[in-house]
Amino acid sequence: MNRRRIWAIAHKEVLHILRDPRTLAILVVVPLLLLVLFGYAIDLDVDEVRLVVTDYDRSPESRSVVSVLERTGYFTVTAEIDEHRTADEALHRKRADAIIQFDPGFAAAVLRGEQAPVQVVLDGADPLAGAASLGLIEASLQAAAEQLAETPTRPPLQLVARALYNPQLDSSLFLVPGLMAMILVITAVVSIALAVVREKETGTIEQIAVSPLAAGELIIGKCLPYAGVSLAVAGLILALGYLLFGIGIAGSPVALAAATLAFLFACLGLGLLVSTIARTQQVAFMLAVLTTYLPSFLLSGFVFPIRNMPVPIQIVTHLVPARYYLEAVRRVMIKGTGFEAVAIQVAVLVLFAAVTIGTAALRLRYRWRAQ
């Protein structure tokens, strides 16, 4: 083996890397980004459970239980409500994570040494957080029981728990709707980005630039086939989710369709933006994964709760379209809501699609004029 030839090849590759700062940046940024996200932003622990208290007993014993829960540091009482419907609405709108209820006669049962029921209602739409919250509540009630019971061997508190929207806390009911977002990102963002960049690599983009075809016409013509494929994939996911896991659409199909269309065009806009930056399909694929798939997987609430992330990361999540789509699709499919409950999410996705597609069209038109 000749050392000179080896060093010559290595020197050439170093110069190639330095002359391609985009690839170098991706190689450096991706590991650092993953390190920050997994080590700093991603937290599966439940550090705070927001409680709504419905106390129909209004006794020192019931207030003592709530006080014990608050002293643990894991629970924050956000409201005290006397109506079931209002308390359930707090869960529905994600203003609380659980409801703790004391029925009339709670204190009398405690004083008689009988097991006094404490009802807990959880938000089962997120089974991971719901199970963690239930575990914290159960442990804290045991501590409260020791304070109330005459003998530690006979705790007077009986936990009666139920979960709204997902009584069995089935994780598939939570994950399958979220998979629609992940798969749409792949089929829409990556496919449209590679399709446009392929025109650059083959040289046909220059021929298109001198043709009567406008930038908007090219974008629409490129997007329509992939939009159709992505919608077909979304329909297939819904069908398989129902056949394999029994997951149906509890709410309005119109609301789900509107959210899916808005998210799809937001993804196509992102793919078009990537295609105006990348020069090769390899770079386009890496940029698409870095700027869309990874944020969608890590920062959308697909697996990791957003409210457990640090505040700066929570602010960044507002720039991830998948966050709004996941909020909308889970409200419709799991909680059974209509369009009015997801109107804000749909509006944000439409705005995001308009901005990204418009920016991509302007960049493409500018490059055509430059040629």
# chains A, B, ... in the order shown; residues from 1 in each chain; ligands from 1
$ closest_atom_pairs --of "stretch 110-185 of chain A" --to "stretch 213-237 of chain A" --cutoff "12 Å" --atoms "only C-alpha atoms" --output "tab-separated table"
residue	atom	partner	partner_atom	distance
A:Leu175	CA	A:Ile237	CA	11.9
A:Val176	CA	A:Ile237	CA	8.2
A:Pro177	CA	A:Ile237	CA	8.5
A:Gly178	CA	A:Ile237	CA	10.5
A:Leu179	CA	A:Ile237	CA	8.3
A:Met180	CA	A:Ala234	CA	6.2
A:Ala181	CA	A:Ala234	CA	8.9
A:Met182	CA	A:Ala234	CA	10.6
A:Ile183	CA	A:Val233	CA	8.1
A:Leu184	CA	A:Ser230	CA	6.1
A:Val185	CA	A:Ser230	CA	9.1
$ write_last_selection --atoms "N, CA and C atoms" --output "mmCIF file, in the first residue's frame"
data_model
loop_
_atom_site.group_PDB
_atom_site.id
_atom_site.type_symbol
_atom_site.label_atom_id
_atom_site.label_comp_id
_atom_site.auth_asym_id
_atom_site.auth_seq_id
_atom_site.Cartn_x
_atom_site.Cartn_y
_atom_site.Cartn_z
ATOM 1 N N LEU A 175 -51.371 5.730 19.733
ATOM 2 C CA LEU A 175 -50.262 5.762 18.784
ATOM 3 C C LEU A 175 -50.710 5.674 17.330
ATOM 4 N N VAL A 176 -51.742 4.894 17.043
ATOM 5 C CA VAL A 176 -52.149 4.697 15.647
ATOM 6 C C VAL A 176 -52.558 6.008 14.970
ATOM 7 N N PRO A 177 -53.387 6.866 15.596
ATOM 8 C CA PRO A 177 -53.665 8.156 14.938
ATOM 9 C C PRO A 177 -52.411 8.981 14.711
ATOM 10 N N GLY A 178 -51.464 8.897 15.653
ATOM 11 C CA GLY A 178 -50.225 9.646 15.477
ATOM 12 C C GLY A 178 -49.373 9.130 14.337
ATOM 13 N N LEU A 179 -49.493 7.837 14.037
ATOM 14 C CA LEU A 179 -48.727 7.278 12.925
ATOM 15 C C LEU A 179 -49.140 7.893 11.592
ATOM 16 N N MET A 180 -50.367 8.373 11.502
ATOM 17 C CA MET A 180 -50.793 9.031 10.269
ATOM 18 C C MET A 180 -49.901 10.226 9.974
ATOM 19 N N ALA A 181 -49.577 10.988 11.012
ATOM 20 C CA ALA A 181 -48.718 12.159 10.804
ATOM 21 C C ALA A 181 -47.330 11.738 10.352
ATOM 22 N N MET A 182 -46.757 10.724 10.997
ATOM 23 C CA MET A 182 -45.404 10.289 10.644
ATOM 24 C C MET A 182 -45.339 9.770 9.209
ATOM 25 N N ILE A 183 -46.354 8.989 8.813
ATOM 26 C CA ILE A 183 -46.343 8.409 7.468
ATOM 27 C C ILE A 183 -46.616 9.481 6.416
ATOM 28 N N LEU A 184 -47.494 10.426 6.725
ATOM 29 C CA LEU A 184 -47.744 11.506 5.770
ATOM 30 C C LEU A 184 -46.505 12.362 5.573
ATOM 31 N N VAL A 185 -45.723 12.548 6.607
ATOM 32 C CA VAL A 185 -44.472 13.300 6.467
ATOM 33 C C VAL A 185 -43.553 12.607 5.471
#
$ select_by_dssp --residues "stretch 41-209 of chain A" --states "alpha helix (DSSP H)" --output "number ranges by chain"
A: 60-71, 84-92, 106-111, 127-148, 171-184, 191-202, 204-209
$ select_by_dssp --residues "stretch 71-212 of chain A" --states "strand (DSSP E or B)" --output "ChimeraX atom specification"
/A:75-80,98-102,116-123,157-164
$ atom_distance --atom1 "atom CA of A:Gly338" --atom2 "atom CA of A:Leu268"
25.5 Å
$ closest_residue --among "A:Ala266, A:Ala239, A:Val49, A:Ala144" --to "A:Ser62" --atoms "only C-alpha atoms"
A:Ala144
$ atom_distance --atom1 "atom CA of A:Leu351" --atom2 "atom CA of A:Pro310"
26.2 Å
$ closest_atom_pairs --of "stretch 301-371 of chain A" --to "stretch 277-288 of chain A" --cutoff "12 Å" --atoms "only C-alpha atoms" --output "Markdown table"
| residue | atom | partner | partner_atom | distance |
| --- | --- | --- | --- | --- |
| A:Thr359 | CA | A:Ile277 | CA | 11.8 |
| A:Ala360 | CA | A:Ile277 | CA | 9.5 |
| A:Arg363 | CA | A:Ile277 | CA | 9.2 |
| A:Leu364 | CA | A:Ile277 | CA | 9.9 |
| A:Arg367 | CA | A:Ile277 | CA | 11.0 |
$ residues_around --residues "A:Pro321" --least-positions-apart "4" --cutoff "10 Å" --atoms "only C-alpha atoms" --output "PyMOL selection string"
chain A and resi 181+185+262-264+266-267+270+292+295-296+299-300+317+325-326+345+348-350+352-353
$ closest_residue --among "A:Glu199, A:Leu272, A:Val346, A:Ala259" --to "A:Gly358" --atoms "only C-alpha atoms"
A:Leu272
